[in-house]
file model.txt (compact mmCIF, C-alpha atoms)
# COMPACT_ATOMS: atom_id res chain seq x y z
CA MET A 996 -14.21 -74.46 10.36
CA LYS A 997 -13.55 -70.94 9.11
CA ASP A 998 -14.37 -67.92 11.31
CA ILE A 999 -16.68 -65.32 9.76
CA CYS A 1000 -14.42 -62.42 10.78
CA GLN A 1001 -11.38 -64.04 9.17
CA ALA A 1002 -13.38 -64.76 6.00
CA VAL A 1003 -14.60 -61.13 5.85
CA TYR A 1004 -11.08 -59.76 6.44
CA GLU A 1005 -9.64 -61.94 3.67
CA LYS A 1006 -12.45 -60.94 1.29
CA LEU A 1007 -11.72 -57.25 1.90
CA CYS A 1008 -7.97 -57.78 1.41
CA GLN A 1009 -8.54 -59.62 -1.87
CA ASP A 1010 -10.50 -56.78 -3.45
CA ILE A 1011 -8.16 -54.98 -5.88
CA LYS A 1012 -9.94 -51.61 -5.76
CA LEU A 1013 -10.03 -51.59 -1.97
CA SER A 1014 -6.45 -52.82 -1.68
CA ARG A 1015 -5.17 -49.97 -3.87
CA TYR A 1016 -7.12 -47.46 -1.83
CA LEU A 1017 -6.24 -48.75 1.65
CA SER A 1018 -2.95 -50.63 1.38
CA ASN A 1019 -4.51 -53.23 3.73
CA ARG A 1020 -5.30 -50.78 6.56
CA ILE A 1021 -8.16 -52.99 7.75
CA TYR A 1022 -8.42 -53.44 11.51
CA PRO A 1023 -10.61 -55.49 13.85
CA ILE A 1024 -12.61 -53.73 16.57
CA ILE A 1025 -10.60 -50.50 17.00
CA LEU A 1026 -8.57 -48.09 14.89
CA PRO A 1027 -5.00 -47.94 16.23
CA GLU A 1028 -3.93 -44.57 17.59
CA ASP A 1029 -2.42 -42.35 14.89
CA ALA A 1030 -3.22 -44.91 12.17
CA PRO A 1031 -2.88 -43.40 8.70
CA LEU A 1032 -6.10 -42.79 6.81
CA PRO A 1033 -8.01 -44.09 4.94
CA ALA A 1034 -8.76 -47.17 7.01
CA ILE A 1035 -11.58 -49.60 7.80
CA VAL A 1036 -12.49 -51.02 11.18
CA TYR A 1037 -14.75 -54.08 11.23
CA THR A 1038 -16.53 -55.28 14.33
CA PRO A 1039 -18.78 -58.29 14.88
CA VAL A 1040 -21.83 -56.72 16.53
CA LEU A 1041 -24.37 -59.49 17.03
CA ALA A 1042 -24.67 -63.18 16.23
CA ASN A 1043 -27.98 -65.03 16.31
CA TYR A 1044 -27.69 -68.83 16.46
CA TYR A 1045 -30.63 -71.00 15.49
CA SER A 1046 -31.64 -74.16 17.30
CA ALA A 1047 -34.07 -76.98 16.61
CA LEU A 1048 -35.51 -79.63 18.89
CA GLN A 1049 -32.52 -81.86 18.23
CA GLY A 1050 -29.99 -79.13 19.13
CA ASP A 1051 -28.00 -76.41 17.44
CA THR A 1052 -28.60 -76.18 13.68
CA GLY A 1053 -25.35 -74.36 12.94
CA PHE A 1054 -27.21 -71.56 11.13
CA VAL A 1055 -25.96 -68.09 12.06
CA ARG A 1056 -27.08 -64.54 11.31
CA GLN A 1057 -23.98 -62.46 12.03
CA THR A 1058 -24.08 -58.65 11.94
CA ILE A 1059 -20.75 -56.97 11.23
CA GLN A 1060 -20.21 -53.23 11.35
CA PHE A 1061 -17.70 -51.58 9.01
CA VAL A 1062 -16.59 -48.07 9.97
CA CYS A 1063 -14.78 -46.30 7.14
CA HIS A 1064 -12.36 -43.58 8.24
CA ASP A 1065 -11.00 -40.94 5.86
CA THR A 1066 -9.92 -37.31 5.72
CA THR A 1067 -13.13 -35.93 4.17
CA TYR A 1068 -16.80 -36.77 4.41
CA LYS A 1069 -16.93 -37.55 0.70
CA LYS A 1070 -13.99 -39.95 0.89
CA SER A 1071 -15.33 -41.79 3.94
CA ARG A 1072 -18.67 -42.18 2.17
CA GLU A 1073 -16.99 -43.44 -1.01
CA LEU A 1074 -15.06 -45.99 1.03
CA SER A 1075 -18.27 -47.29 2.61
CA ARG A 1076 -19.75 -47.62 -0.92
CA ILE A 1077 -16.80 -49.83 -1.89
CA VAL A 1078 -17.42 -52.06 1.14
CA LYS A 1079 -21.11 -52.17 0.24
CA SER A 1080 -20.32 -53.21 -3.35
CA ILE A 1081 -18.04 -56.04 -2.17
CA PHE A 1082 -20.66 -57.69 0.05
CA GLN A 1083 -24.11 -56.59 -1.16
CA ASP A 1084 -26.10 -59.63 -2.35
CA TYR A 1085 -23.02 -61.85 -1.95
CA TYR A 1086 -23.68 -65.59 -2.15
CA GLY A 1087 -21.14 -68.38 -2.27
CA ASP A 1088 -17.79 -69.46 -0.92
CA MET A 1089 -16.01 -66.70 0.99
CA ASN A 1090 -12.55 -68.01 1.71
CA GLY A 1091 -13.73 -71.38 2.96
CA LEU A 1092 -17.03 -70.29 4.52
CA PHE A 1093 -20.20 -70.70 2.46
CA ILE A 1094 -22.29 -67.53 2.71
CA GLN A 1095 -25.98 -68.05 1.99
CA ALA A 1096 -26.86 -64.34 1.83
CA VAL A 1097 -25.71 -60.87 2.86
CA PHE A 1098 -28.14 -58.08 3.70
CA ILE A 1099 -27.61 -54.41 4.50
CA LYS A 1100 -28.93 -53.67 8.00
CA SER A 1101 -27.97 -50.01 8.37
CA ASP A 1102 -25.97 -47.29 6.71
CA TYR A 1103 -25.18 -44.12 8.62
CA GLU A 1104 -22.68 -41.36 9.28
CA TYR A 1105 -20.88 -40.65 12.53
CA ASN A 1106 -20.74 -37.09 13.78
CA GLY A 1107 -19.03 -38.03 17.04
CA ASN A 1108 -15.57 -37.06 15.88
CA THR A 1109 -16.44 -33.54 14.76
CA ALA A 1110 -19.12 -33.01 17.43
CA LEU A 1111 -16.90 -34.09 20.33
CA LYS A 1112 -13.39 -33.15 19.28
CA PHE A 1113 -14.10 -30.45 16.70
CA ASP A 1114 -11.57 -32.18 14.48
CA THR A 1115 -12.30 -32.06 10.77
CA ASN A 1116 -9.32 -34.19 9.76
CA GLU A 1117 -11.22 -37.45 10.16
CA TYR A 1118 -14.69 -38.47 9.04
CA MET A 1119 -16.44 -41.78 9.62
CA SER A 1120 -19.10 -43.56 7.62
CA SER A 1121 -20.60 -46.81 8.86
CA ILE A 1122 -22.40 -49.70 7.22
CA GLU A 1123 -23.74 -52.77 8.99
CA LEU A 1124 -24.19 -55.98 7.07
CA GLU A 1125 -25.84 -59.23 8.10
CA PHE A 1126 -24.15 -62.44 6.94
CA LEU A 1127 -26.22 -65.64 6.86
CA TYR A 1128 -24.24 -68.88 6.89
CA ASN A 1129 -24.01 -72.33 8.42
CA GLU A 1130 -20.98 -72.81 10.63
CA LYS A 1131 -21.26 -76.62 10.76
call {"tool": "encode", "arguments": {"input": "model.txt", "output": "structure tokens"}}
result
Amino acid sequence: MKDICQAVYEKLCQDIKLSRYLSNRIYPIILPEDAPLPAIVYTPVLANYYSALQGDTGFVRQTIQFVCHDTTYKKSRELSRIVKSIFQDYYGDMNGLFIQAVFIKSDYEYNGNTALKFDTNEYMSSIELEFLYNEK
């Protein structure tokens, strides 16, 4: 069975517009130190598994956070809009995993970088999406 994170990574890599923009700088969990920008970091945040009286149903609601890093606020926001357009209302086969629905859970901007380090060379925009699928 296909892992949701692998399916999401492959979907991002297959998008022509995103691939031209990022050159496949898509990382799980953490942005490597001194990684060139722009880049995307995706992180599985929460998975809810549904059960019935007979046992596990296999139905999953998986929240994945995408943090888009770029050199300006505008560019980081544009990058998050590309991610949004790839997954919003997606339904169907995603690289071997059948996705029943994708919903936007949250969309926000980070100010941690500029507020803590006073560095205006990197901006971050985040979007969290919920993927509904059956892993069985």
call {"tool": "atom_distance", "arguments": {"input": "model.txt", "atom1": "atom CA of A:Leu1092", "atom2": "atom CA of A:Asp1010"}}
result
17.0 Å
call {"tool": "atom_distance", "arguments": {"input": "model.txt", "atom1": "atom CA of A:Lys1079", "atom2": "atom CA of A:Ile1094"}}
result
15.6 Å
call {"tool": "atom_distance", "arguments": {"input": "model.txt", "atom1": "atom CA of A:Ser1080", "atom2": "atom CA of A:Arg1056"}}
result
19.7 Å
call {"tool": "residues_around", "arguments": {"input": "model.txt", "residues": "A:Thr1058", "least_positions_apart": "5", "cutoff": "12 Å", "atoms": "only C-alpha atoms", "output": "PyMOL selection string"}}
result
chain A and resi 999-1000+1003+1037-1044+1096-1101+1122-1128
call {"tool": "closest_residue", "arguments": {"input": "model.txt", "among": "A:Gly1091, A:His1064, A:Asn1129, A:Gly1050", "to": "A:Pro1027", "atoms": "all atoms listed in the file"}}
result
A:His1064
call {"tool": "closest_residue", "arguments": {"input": "model.txt", "among": "A:Thr1052, A:Asn1019, A:Ser1014, A:Asn1090", "to": "A:Glu1130", "atoms": "all atoms listed in the file"}}
result
A:Thr1052
call {"tool": "residues_near_point", "arguments": {"input": "model.txt", "point": "(-14.8, -54.6, 8.4)", "cutoff": "8 Å", "atoms": "all atoms listed in the file", "output": "tab-separated table (two decimals) with C-alpha atoms, keeping the file's coordinate frame"}}
result
chain	number	residue	atom	x	y	z
A	1003	VAL	CA	-14.60	-61.13	5.85
A	1004	TYR	CA	-11.08	-59.76	6.44
A	1007	LEU	CA	-11.72	-57.25	1.90
A	1021	ILE	CA	-8.16	-52.99	7.75
A	1022	TYR	CA	-8.42	-53.44	11.51
A	1023	PRO	CA	-10.61	-55.49	13.85
A	1035	ILE	CA	-11.58	-49.60	7.80
A	1036	VAL	CA	-12.49	-51.02	11.18
A	1037	TYR	CA	-14.75	-54.08	11.23
A	1038	THR	CA	-16.53	-55.28	14.33
A	1059	ILE	CA	-20.75	-56.97	11.23
A	1060	GLN	CA	-20.21	-53.23	11.35
A	1061	PHE	CA	-17.70	-51.58	9.01
A	1062	VAL	CA	-16.59	-48.07	9.97
call {"tool": "residues_around", "arguments": {"input": "model.txt", "residues": "A:Leu1017", "least_positions_apart": "3", "cutoff": "8 Å", "atoms": "only C-alpha atoms", "output": "MDAnalysis selection string"}}
result
chainID A and resid 1013:1014 1020:1021 1032:1034
call {"tool": "closest_residue", "arguments": {"input": "model.txt", "among": "A:Ile1077, A:Met1089, A:Glu1117, A:Val1055", "to": "A:Arg1015", "atoms": "all atoms listed in the file"}}
result
A:Ile1077
call {"tool": "closest_residue", "arguments": {"input": "model.txt", "among": "A:Asp1102, A:Lys1131, A:Ser1018, A:Leu1026", "to": "A:Val1078", "atoms": "all atoms listed in the file"}}
result
A:Asp1102
call {"tool": "closest_residue", "arguments": {"input": "model.txt", "among": "A:Ser1120, A:Phe1082, A:Tyr1103, A:Leu1074", "to": "A:Lys1012", "atoms": "only C-alpha atoms"}}
result
A:Leu1074
